[in-house]
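Novice: Next comes my_file_36.txt, compact mmCIF, C-alpha atoms:
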```txt
# COMPACT_ATOMS: atom_id res chain seq x y z
CA PRO A 6 -43.25 -134.50 157.83
CA SER A 7 -43.71 -132.15 160.74
CA TRP A 8 -40.88 -130.19 162.34
CA ARG A 9 -40.76 -132.69 165.20
CA GLU A 10 -40.72 -135.68 162.83
CA ARG A 11 -37.81 -134.14 160.94
CA ARG A 12 -35.87 -133.72 164.18
CA MET A 13 -36.70 -137.17 165.58
CA THR A 14 -33.72 -139.51 165.30
CA ILE A 15 -33.81 -143.24 164.59
CA SER A 16 -31.89 -146.12 166.11
CA CYS A 17 -31.30 -149.60 164.74
CA LEU A 18 -29.40 -152.77 165.69
CA PRO A 19 -29.72 -154.96 162.59
CA TRP A 20 -26.62 -157.03 163.37
CA TYR A 21 -27.27 -160.24 165.34
CA ARG A 22 -30.99 -159.67 165.31
CA LEU A 23 -32.89 -162.92 165.81
CA PRO A 24 -36.44 -163.40 167.12
CA GLU A 25 -34.76 -164.77 170.22
CA THR A 26 -32.66 -161.63 170.76
CA GLU A 27 -35.16 -158.90 169.86
CA ARG A 28 -36.46 -158.45 173.41
CA ALA A 29 -32.91 -158.09 174.75
CA GLN A 30 -32.14 -155.56 172.01
CA ASP A 31 -35.26 -153.58 172.93
CA THR A 32 -34.30 -153.65 176.62
CA PHE A 33 -30.77 -152.53 175.83
CA TRP A 34 -32.00 -149.65 173.68
CA ALA A 35 -34.49 -148.50 176.32
CA GLY A 36 -31.71 -148.42 178.92
CA LEU A 37 -29.28 -146.76 176.55
CA ALA A 38 -31.85 -144.09 175.70
CA LYS A 39 -32.04 -143.17 179.40
CA HIS A 40 -28.28 -142.62 179.45
CA LEU A 41 -28.48 -140.58 176.26
CA ARG A 42 -31.11 -138.34 177.81
CA ARG A 43 -28.82 -137.80 180.77
CA GLN A 44 -26.23 -136.69 178.22
CA GLY A 45 -28.69 -134.00 177.13
CA LEU A 46 -29.92 -135.66 173.95
CA ARG A 47 -33.56 -135.25 172.98
CA HIS A 48 -35.94 -136.41 170.24
CA LEU A 49 -34.86 -140.03 170.77
CA PRO A 50 -36.98 -142.81 169.29
CA GLY A 51 -38.99 -144.96 171.67
CA HIS A 52 -38.09 -148.13 169.84
CA LEU A 53 -35.56 -149.61 167.43
CA THR A 54 -36.29 -149.26 163.74
CA ARG A 55 -36.87 -152.63 162.09
CA GLU A 56 -38.40 -153.90 158.86
CA VAL A 57 -36.38 -151.32 156.90
CA SER A 58 -33.48 -152.26 154.64
CA VAL A 59 -30.05 -151.96 156.19
CA GLN A 60 -28.95 -149.86 153.23
CA SER A 61 -31.70 -147.32 153.91
CA LEU A 62 -30.88 -147.20 157.61
CA LEU A 63 -27.15 -146.66 157.09
CA ALA A 64 -27.82 -143.81 154.66
CA ASP A 65 -30.42 -142.09 156.87
CA PRO A 66 -29.12 -138.74 158.21
CA ARG A 67 -31.27 -139.17 161.35
CA MET A 68 -29.53 -142.36 162.54
CA ILE A 69 -28.25 -141.75 166.05
CA LEU A 70 -27.19 -145.35 166.66
CA GLY A 71 -26.66 -148.24 164.30
CA GLN A 72 -24.36 -151.14 163.62
CA CYS A 73 -22.83 -152.20 160.35
CA CYS A 74 -20.32 -154.47 158.66
CA GLY A 75 -16.76 -153.18 158.67
CA TYR A 76 -17.06 -153.23 154.88
CA ASP A 77 -19.77 -150.56 155.13
CA LEU A 78 -17.52 -148.32 157.20
CA VAL A 79 -14.62 -148.40 154.72
CA TYR A 80 -16.52 -148.82 151.46
CA GLY A 81 -20.09 -148.06 150.42
CA PHE A 82 -21.20 -145.94 153.39
CA SER A 83 -17.91 -144.34 154.37
CA ALA A 84 -19.29 -140.88 153.53
CA THR A 85 -22.54 -141.27 155.47
CA LEU A 86 -21.35 -143.05 158.63
CA GLY A 87 -19.43 -141.86 161.66
CA TYR A 88 -17.61 -144.32 163.90
CA LEU A 89 -18.76 -144.62 167.51
CA ALA A 90 -17.10 -147.69 169.02
CA THR A 91 -16.20 -151.32 168.42
CA PRO A 92 -18.15 -153.89 170.43
CA ARG A 93 -16.40 -156.54 172.49
CA TYR A 94 -18.22 -159.88 172.39
CA SER A 95 -17.91 -162.93 174.62
CA ALA A 96 -18.06 -165.53 171.84
CA PRO A 97 -15.56 -168.15 170.67
CA GLY A 98 -13.62 -166.64 167.78
CA CYS A 99 -13.67 -163.14 169.28
CA GLY A 100 -10.81 -161.19 170.83
CA ILE A 101 -10.63 -157.74 172.39
CA GLY A 102 -12.73 -155.84 169.88
CA THR A 103 -12.19 -158.43 167.15
CA TYR A 104 -14.16 -161.24 165.59
CA SER A 105 -13.67 -163.88 162.92
CA SER A 106 -15.71 -166.24 160.78
CA PHE A 107 -16.01 -169.99 161.04
CA ILE A 108 -15.92 -172.10 157.89
CA LEU A 109 -18.79 -174.57 158.05
CA VAL A 110 -19.45 -177.81 156.20
CA ARG A 111 -21.97 -180.57 156.78
CA GLN A 112 -21.23 -183.03 159.54
CA ASN A 113 -20.67 -185.84 157.06
CA GLU A 114 -17.92 -183.98 155.19
CA LYS A 115 -14.93 -186.33 155.38
CA SER A 116 -12.06 -183.86 155.26
CA ASP A 117 -10.91 -181.18 157.70
CA ASP A 118 -8.55 -179.77 155.07
CA ILE A 119 -9.75 -176.52 153.47
CA SER A 120 -7.91 -177.36 150.25
CA ALA A 121 -10.01 -180.54 149.94
CA LEU A 122 -13.09 -178.36 149.42
CA ARG A 123 -11.89 -177.35 145.95
CA GLY A 124 -14.61 -177.86 143.38
CA ARG A 125 -17.45 -177.77 145.90
CA VAL A 126 -20.39 -175.35 145.92
CA ALA A 127 -20.10 -172.34 148.24
CA VAL A 128 -22.88 -170.13 149.54
CA ILE A 129 -22.33 -166.56 150.72
CA ASN A 130 -24.79 -164.14 152.27
CA GLY A 131 -23.72 -161.33 149.93
CA PHE A 132 -20.68 -159.99 148.10
CA ASN A 133 -20.52 -156.92 150.35
CA SER A 134 -20.21 -158.97 153.54
CA HIS A 135 -16.90 -159.43 155.29
CA SER A 136 -18.01 -162.30 157.52
CA GLY A 137 -19.78 -164.28 154.80
CA ALA A 138 -17.71 -163.57 151.69
CA ASN A 139 -14.47 -161.68 152.32
CA ALA A 140 -13.51 -163.95 155.24
CA LEU A 141 -14.17 -167.06 153.17
CA ARG A 142 -12.20 -165.61 150.26
CA SER A 143 -9.21 -164.96 152.52
CA VAL A 144 -9.19 -168.59 153.70
CA VAL A 145 -9.49 -170.31 150.30
CA ALA A 146 -7.47 -167.86 148.16
CA PRO A 147 -4.12 -169.57 148.89
CA PHE A 148 -5.52 -172.79 147.38
CA SER A 149 -7.10 -171.22 144.29
CA ARG A 150 -6.00 -172.14 140.79
CA LYS A 151 -6.30 -169.72 137.90
CA GLY A 152 -8.67 -167.58 139.90
CA ARG A 153 -11.03 -170.39 140.84
CA PHE A 154 -11.60 -172.63 143.83
CA PHE A 155 -15.31 -173.47 143.95
CA SER A 156 -17.38 -175.00 141.17
CA LYS A 157 -20.19 -172.56 141.87
CA VAL A 158 -20.99 -169.69 144.25
CA LYS A 159 -24.55 -169.07 145.38
CA VAL A 160 -25.89 -165.98 147.17
CA SER A 161 -28.42 -166.51 149.95
CA GLY A 162 -29.04 -163.02 151.32
CA GLY A 163 -28.34 -163.96 154.94
CA HIS A 164 -26.32 -166.28 157.17
CA VAL A 165 -29.35 -168.21 158.45
CA ARG A 166 -30.54 -168.83 154.91
CA SER A 167 -27.00 -169.96 154.00
CA LEU A 168 -27.21 -172.50 156.83
CA ASP A 169 -30.47 -173.85 155.42
CA MET A 170 -28.88 -174.19 151.98
CA LEU A 171 -25.86 -175.94 153.46
CA LEU A 172 -27.97 -178.42 155.39
CA ASP A 173 -30.31 -179.28 152.53
CA GLY A 174 -27.44 -179.91 150.14
CA GLN A 175 -27.75 -176.83 147.94
CA ALA A 176 -24.23 -175.85 149.03
CA ASP A 177 -21.23 -177.56 150.59
CA VAL A 178 -19.38 -174.81 152.43
CA MET A 179 -20.04 -171.39 153.94
CA ALA A 180 -18.54 -168.84 156.33
CA ILE A 181 -20.51 -167.59 159.32
CA ASP A 182 -19.87 -164.72 161.71
CA CYS A 183 -18.61 -166.27 164.97
CA VAL A 184 -20.89 -164.06 167.09
CA LEU A 185 -23.97 -165.20 165.21
CA HIS A 186 -22.69 -168.78 165.45
CA ALA A 187 -22.52 -168.44 169.25
CA LEU A 188 -25.97 -166.82 169.43
CA LEU A 189 -27.47 -169.65 167.41
CA LEU A 190 -25.78 -172.26 169.60
CA ARG A 191 -27.32 -170.58 172.65
CA HIS A 192 -30.77 -169.70 171.39
CA ARG A 193 -31.39 -171.99 168.40
CA PRO A 194 -28.99 -174.96 168.52
CA GLY A 195 -31.08 -176.93 166.05
CA ALA A 196 -30.05 -174.49 163.33
CA LEU A 197 -26.47 -175.77 163.54
CA GLU A 198 -27.18 -179.48 163.94
CA GLY A 199 -25.55 -181.37 161.11
CA THR A 200 -22.77 -178.81 160.59
CA ARG A 201 -19.20 -178.60 161.82
CA VAL A 202 -16.36 -176.09 161.75
CA VAL A 203 -13.34 -176.87 159.55
CA GLY A 204 -11.58 -173.50 159.61
CA GLN A 205 -11.48 -169.96 160.91
CA SER A 206 -10.61 -166.65 159.29
CA ALA A 207 -8.12 -164.12 160.62
CA PRO A 208 -9.49 -161.73 163.27
CA VAL A 209 -10.56 -158.23 162.26
CA PRO A 210 -12.35 -155.44 164.16
CA ALA A 211 -15.92 -156.41 165.09
CA PRO A 212 -18.93 -154.81 163.35
CA PRO A 213 -18.85 -151.21 164.62
CA PHE A 214 -21.48 -149.13 166.32
CA VAL A 215 -22.02 -146.10 164.08
CA ILE A 216 -23.88 -142.80 163.84
CA SER A 217 -24.90 -140.72 160.86
CA ALA A 218 -22.08 -138.46 159.72
CA ALA A 219 -24.74 -135.78 159.22
CA LEU A 220 -25.23 -135.41 162.98
CA PRO A 221 -22.97 -132.94 164.88
CA ASP A 222 -19.67 -134.05 166.41
CA GLU A 223 -21.01 -133.07 169.83
CA THR A 224 -23.91 -135.49 169.36
CA ARG A 225 -21.49 -138.25 168.43
CA LYS A 226 -19.47 -137.57 171.58
CA ARG A 227 -22.57 -137.71 173.78
CA VAL A 228 -23.85 -140.90 172.16
CA ARG A 229 -20.47 -142.54 172.71
CA GLU A 230 -20.51 -141.52 176.38
CA GLY A 231 -24.05 -142.79 176.83
CA LEU A 232 -23.18 -146.06 175.11
CA MET A 233 -20.23 -146.64 177.41
CA GLU A 234 -22.40 -145.92 180.45
CA ALA A 235 -25.06 -148.37 179.27
CA LEU A 236 -22.43 -151.07 178.91
CA VAL A 237 -21.64 -150.94 182.63
CA ASP A 238 -25.22 -150.33 183.82
CA PRO A 239 -26.16 -153.16 186.25
CA ALA A 240 -29.79 -152.88 185.15
CA LEU A 241 -28.79 -153.98 181.63
CA VAL A 242 -26.56 -156.91 182.57
CA ASP A 243 -29.11 -159.56 181.55
CA ALA A 244 -29.78 -157.94 178.18
CA ARG A 245 -26.05 -157.61 177.51
CA SER A 246 -25.51 -161.25 178.46
CA ILE A 247 -28.17 -162.45 176.03
CA LEU A 248 -26.52 -160.36 173.30
CA LEU A 249 -23.01 -161.61 174.30
CA LEU A 250 -22.04 -157.95 174.59
CA GLU A 251 -19.23 -157.32 177.10
CA GLY A 252 -18.23 -153.75 176.32
CA VAL A 253 -16.65 -151.61 173.64
CA GLU A 254 -13.22 -150.60 172.43
CA LEU A 255 -12.31 -147.27 170.86
CA LEU A 256 -10.15 -148.16 167.88
CA PRO A 257 -8.30 -145.96 165.41
CA ALA A 258 -10.29 -145.79 162.18
CA HIS A 259 -7.43 -147.37 160.22
CA GLU A 260 -7.91 -150.65 162.12
CA TYR A 261 -10.87 -151.41 159.85
CA LEU A 262 -8.55 -151.31 156.86
CA LYS A 263 -7.50 -154.83 157.90
CA ILE A 264 -10.68 -155.95 156.17
CA VAL A 265 -9.53 -154.30 152.96
CA GLU A 266 -6.07 -155.81 153.34
CA LEU A 267 -7.51 -159.33 153.47
CA GLU A 268 -9.42 -158.63 150.29
CA ALA A 269 -6.38 -157.08 148.60
CA VAL A 270 -4.18 -160.10 149.32
CA ALA A 271 -6.70 -162.41 147.64
CA LEU A 272 -7.16 -160.11 144.65
CA ARG A 273 -3.39 -159.77 144.16
CA ARG A 274 -3.30 -163.54 143.89
CA GLY A 275 -5.80 -163.21 141.06
CA TYR A 276 -8.62 -164.73 143.10
CA PHE A 277 -11.79 -162.81 142.17
CA GLU A 278 -14.29 -165.64 142.54
CA LEU A 279 -16.05 -164.16 145.59
CA HIS A 280 -15.88 -160.60 144.34
CA ALA A 281 -18.87 -158.57 143.16
CA THR A 282 -17.18 -158.03 139.79
CA THR A 283 -17.89 -161.68 138.94
CA PRO A 284 -21.71 -161.87 138.98
CA ALA A 285 -21.76 -164.61 136.33
CA MET A 286 -20.68 -167.03 139.05
CA VAL A 287 -23.75 -166.31 141.15
CA ASP A 288 -26.52 -168.89 140.98
```
Please render this file's structure as structure tokens.

Specialist:
Amino acid sequence: PSWRERRMTISCLPWYRLPETERAQDTFWAGLAKHLRRQGLRHLPGHLTREVSVQSLLADPRMILGQCCGYDLVYGFSATLGYLATPRYSAPGCGIGTYSSFILVRQNEKSDDISALRGRVAVINGFNSHSGANALRSVVAPFSRKGRFFSKVKVSGGHVRSLDMLLDGQADVMAIDCVLHALLLRHRPGALEGTRVVGQSAPVPAPPFVISAALPDETRKRVREGLMEALVDPALVDARSILLLEGVELLPAHEYLKIVELEAVALRRGYFELHATTPAMVD
């Protein structure tokens, strides 16, 4: 690559990306980039990077703005990511800088009692997801017996695919990020028809905005300032509304350890069923 290509940064917003929200994401990035330029930043990308694996994006030393699972910040990518801010969303299940997961079953499920789901088939989006796996684990762990609760655990690769599997009977229960749930209700309500909520996980800090740890601290400071300006820019109010994005909170890094604590409580109970160390349970 040329000198300029090596210096060019990348930006990505893989969380809550739907076909229905892509235009709003693009508008938000274009507006944010203007504020970043006013902060003195150069070599900004003209568009968001898509069609690249999230793992590759989060490990890329050129990433000037991204978003990730809280798991990524405290586990697999802790050495490559720098914290920018925690988004504040206007969705049911969210608090000030927090979010939770809803436990979904099919509409015809008779019980509202989580314990009554013992022996059913669960679907998760991936073992390294808080909203799809860790949150579900934290809710069912108290009802587990000898380390088991479900008869089988399937891995879908994504929340929307999990919904499809739930609705067509391949699974009986799943956990879904409450922000995505709200976005689907607004933009694609048919995706949730035939499902209902029977539980909710404890709140934890929302998926953070991040920057590559390889970029200078001064760059991180300027990106944070530009981000905060974009979140009060009247020209971006429609895009923010579509994305349910109200603002950001600046949280101490240790707040994200709440995600680890939820996992630790379940593991201390001997409940490893939704843990990556038990691949034999994956269908």

Novice: Rank A:Gly137, A:Gly162, A:Gly204, A:Pro194 by their smallest atom-to-atom distance to Glu25 in chain A, using all atoms listed in the file, and report the top residue only.

Specialist: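 Smallest separation from Glu25 in chain A among the options: A:Pro194.
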
Novice: Which residues are close to range 27-42 of chain A, i.e. within 8 Å by all atoms listed in the file, leaving aside same-chain residues fewer than 6 positions away? Reply as a ChimeraX atom specification.

Specialist: /A:18,49,51-53,227-228,231-232,234-235,240-241,243-245,247-248

Novice: Around the point (-36.4, -143.2, 165.8) in the file's coordinates, collect all residues with an atom within 12 Å, using only C-alpha atoms, and return them as an NGL selection string.

Specialist: :A and (9-18 or 34-35 or 38 or 47-55 or 62 or 65-71)

Novice: Extract, using only C-alpha atoms, all DNA, RNA and protein residues at most 9 Å from Leu89 in chain A, discarding same-chain residues fewer than 5 positions from it, and format them as a ChimeraX atom specification.

Specialist: /A:70,213-216,225-226,228-229,232,255

Novice: Around (-19.2, -166.6, 166.5) in the file's frame, which residues reach within 8 Å when counting all atoms listed in the file? Return as a list in words?

Specialist: Ala96, Pro97, Gly98, Cys99, Tyr104, Ser105, Ser106, Phe107, Ile181, Asp182, Cys183, Val184, Leu185, His186, Ala187 and Leu188 of chain A

Novice: Just the selected residues (C-alpha atoms), exported as a compact mmCIF listing (two decimals), in the coordinates of the input, please.

Specialist:
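Output saved as part34.txt:
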```txt
# COMPACT_ATOMS: atom_id res chain seq x y z
CA ALA A 96 -18.06 -165.53 171.84
CA PRO A 97 -15.56 -168.15 170.67
CA GLY A 98 -13.62 -166.64 167.78
CA CYS A 99 -13.67 -163.14 169.28
CA TYR A 104 -14.16 -161.24 165.59
CA SER A 105 -13.67 -163.88 162.92
CA SER A 106 -15.71 -166.24 160.78
CA PHE A 107 -16.01 -169.99 161.04
CA ILE A 181 -20.51 -167.59 159.32
CA ASP A 182 -19.87 -164.72 161.71
CA CYS A 183 -18.61 -166.27 164.97
CA VAL A 184 -20.89 -164.06 167.09
CA LEU A 185 -23.97 -165.20 165.21
CA HIS A 186 -22.69 -168.78 165.45
CA ALA A 187 -22.52 -168.44 169.25
CA LEU A 188 -25.97 -166.82 169.43
```

Novice: I'd like the interatomic distance between CA of Leu250 in chain A and CA of Arg201 in chain A, to a tenth of an Å.

Specialist: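 Straight-line distance from CA of Leu250 in chain A to CA of Arg201 in chain A works out to 24.4 Å.
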
Novice: Neighbouring residues of Gln112 in chain A were defined as those with any atom within 12 Å, considering all atoms listed in the file; residues of the same chain fewer than 4 positions away were excluded. Please report them as a CSV table (one decimal) with C-alpha atoms, in the frame of the given file.

Specialist:
```csv
chain,number,residue,atom,x,y,z
A,116,SER,CA,-12.1,-183.9,155.3
A,117,ASP,CA,-10.9,-181.2,157.7
A,171,LEU,CA,-25.9,-175.9,153.5
A,172,LEU,CA,-28.0,-178.4,155.4
A,174,GLY,CA,-27.4,-179.9,150.1
A,177,ASP,CA,-21.2,-177.6,150.6
A,178,VAL,CA,-19.4,-174.8,152.4
A,197,LEU,CA,-26.5,-175.8,163.5
A,198,GLU,CA,-27.2,-179.5,163.9
A,199,GLY,CA,-25.6,-181.4,161.1
A,200,THR,CA,-22.8,-178.8,160.6
A,201,ARG,CA,-19.2,-178.6,161.8
A,202,VAL,CA,-16.4,-176.1,161.8
A,203,VAL,CA,-13.3,-176.9,159.6
```

Novice: Find the residues around Gln60 in chain A up to 10 Å (all atoms listed in the file counted), leave out those fewer than 6 positions away in its own chain, and share them as number ranges by chain.

Specialist: A: 73, 77, 81-82

Novice: Restrict the selected residues to C-alpha atoms and save them as a PDB file, keeping the file's coordinate frame.

Specialist:
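Output contents, as saved in result16.pdb:
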```pdb
ATOM      1  CA  CYS A  73     -22.830-152.200 160.350  1.00  0.00           C
ATOM      2  CA  ASP A  77     -19.770-150.560 155.130  1.00  0.00           C
ATOM      3  CA  GLY A  81     -20.090-148.060 150.420  1.00  0.00           C
ATOM      4  CA  PHE A  82     -21.200-145.940 153.390  1.00  0.00           C
TER       5      PHE A  82
END
```

Novice: From the list A:Lys151, A:Lys159, A:Arg111, A:His259, which residue is nearest Pro210 in chain A when using all atoms listed in the file?

Specialist: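 Comparing A:Lys151, A:Lys159, A:Arg111, A:His259 against Pro210 in chain A, the winner is A:His259.
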
Novice: Work out how far CA of Ala196 in chain A is from CA of Trp20 in chain A, in Å to one decimal.

Specialist: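 Rounded to one decimal, the two atoms are 17.8 Å apart.
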
Novice: Name the closest residue to Glu266 in chain A among the candidates A:His135, A:Leu46, A:Asp118, A:Arg150; distances are taken between atoms, counting all atoms listed in the file.

Specialist: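 For Glu266 in chain A, the nearest of the given residues is A:His135.
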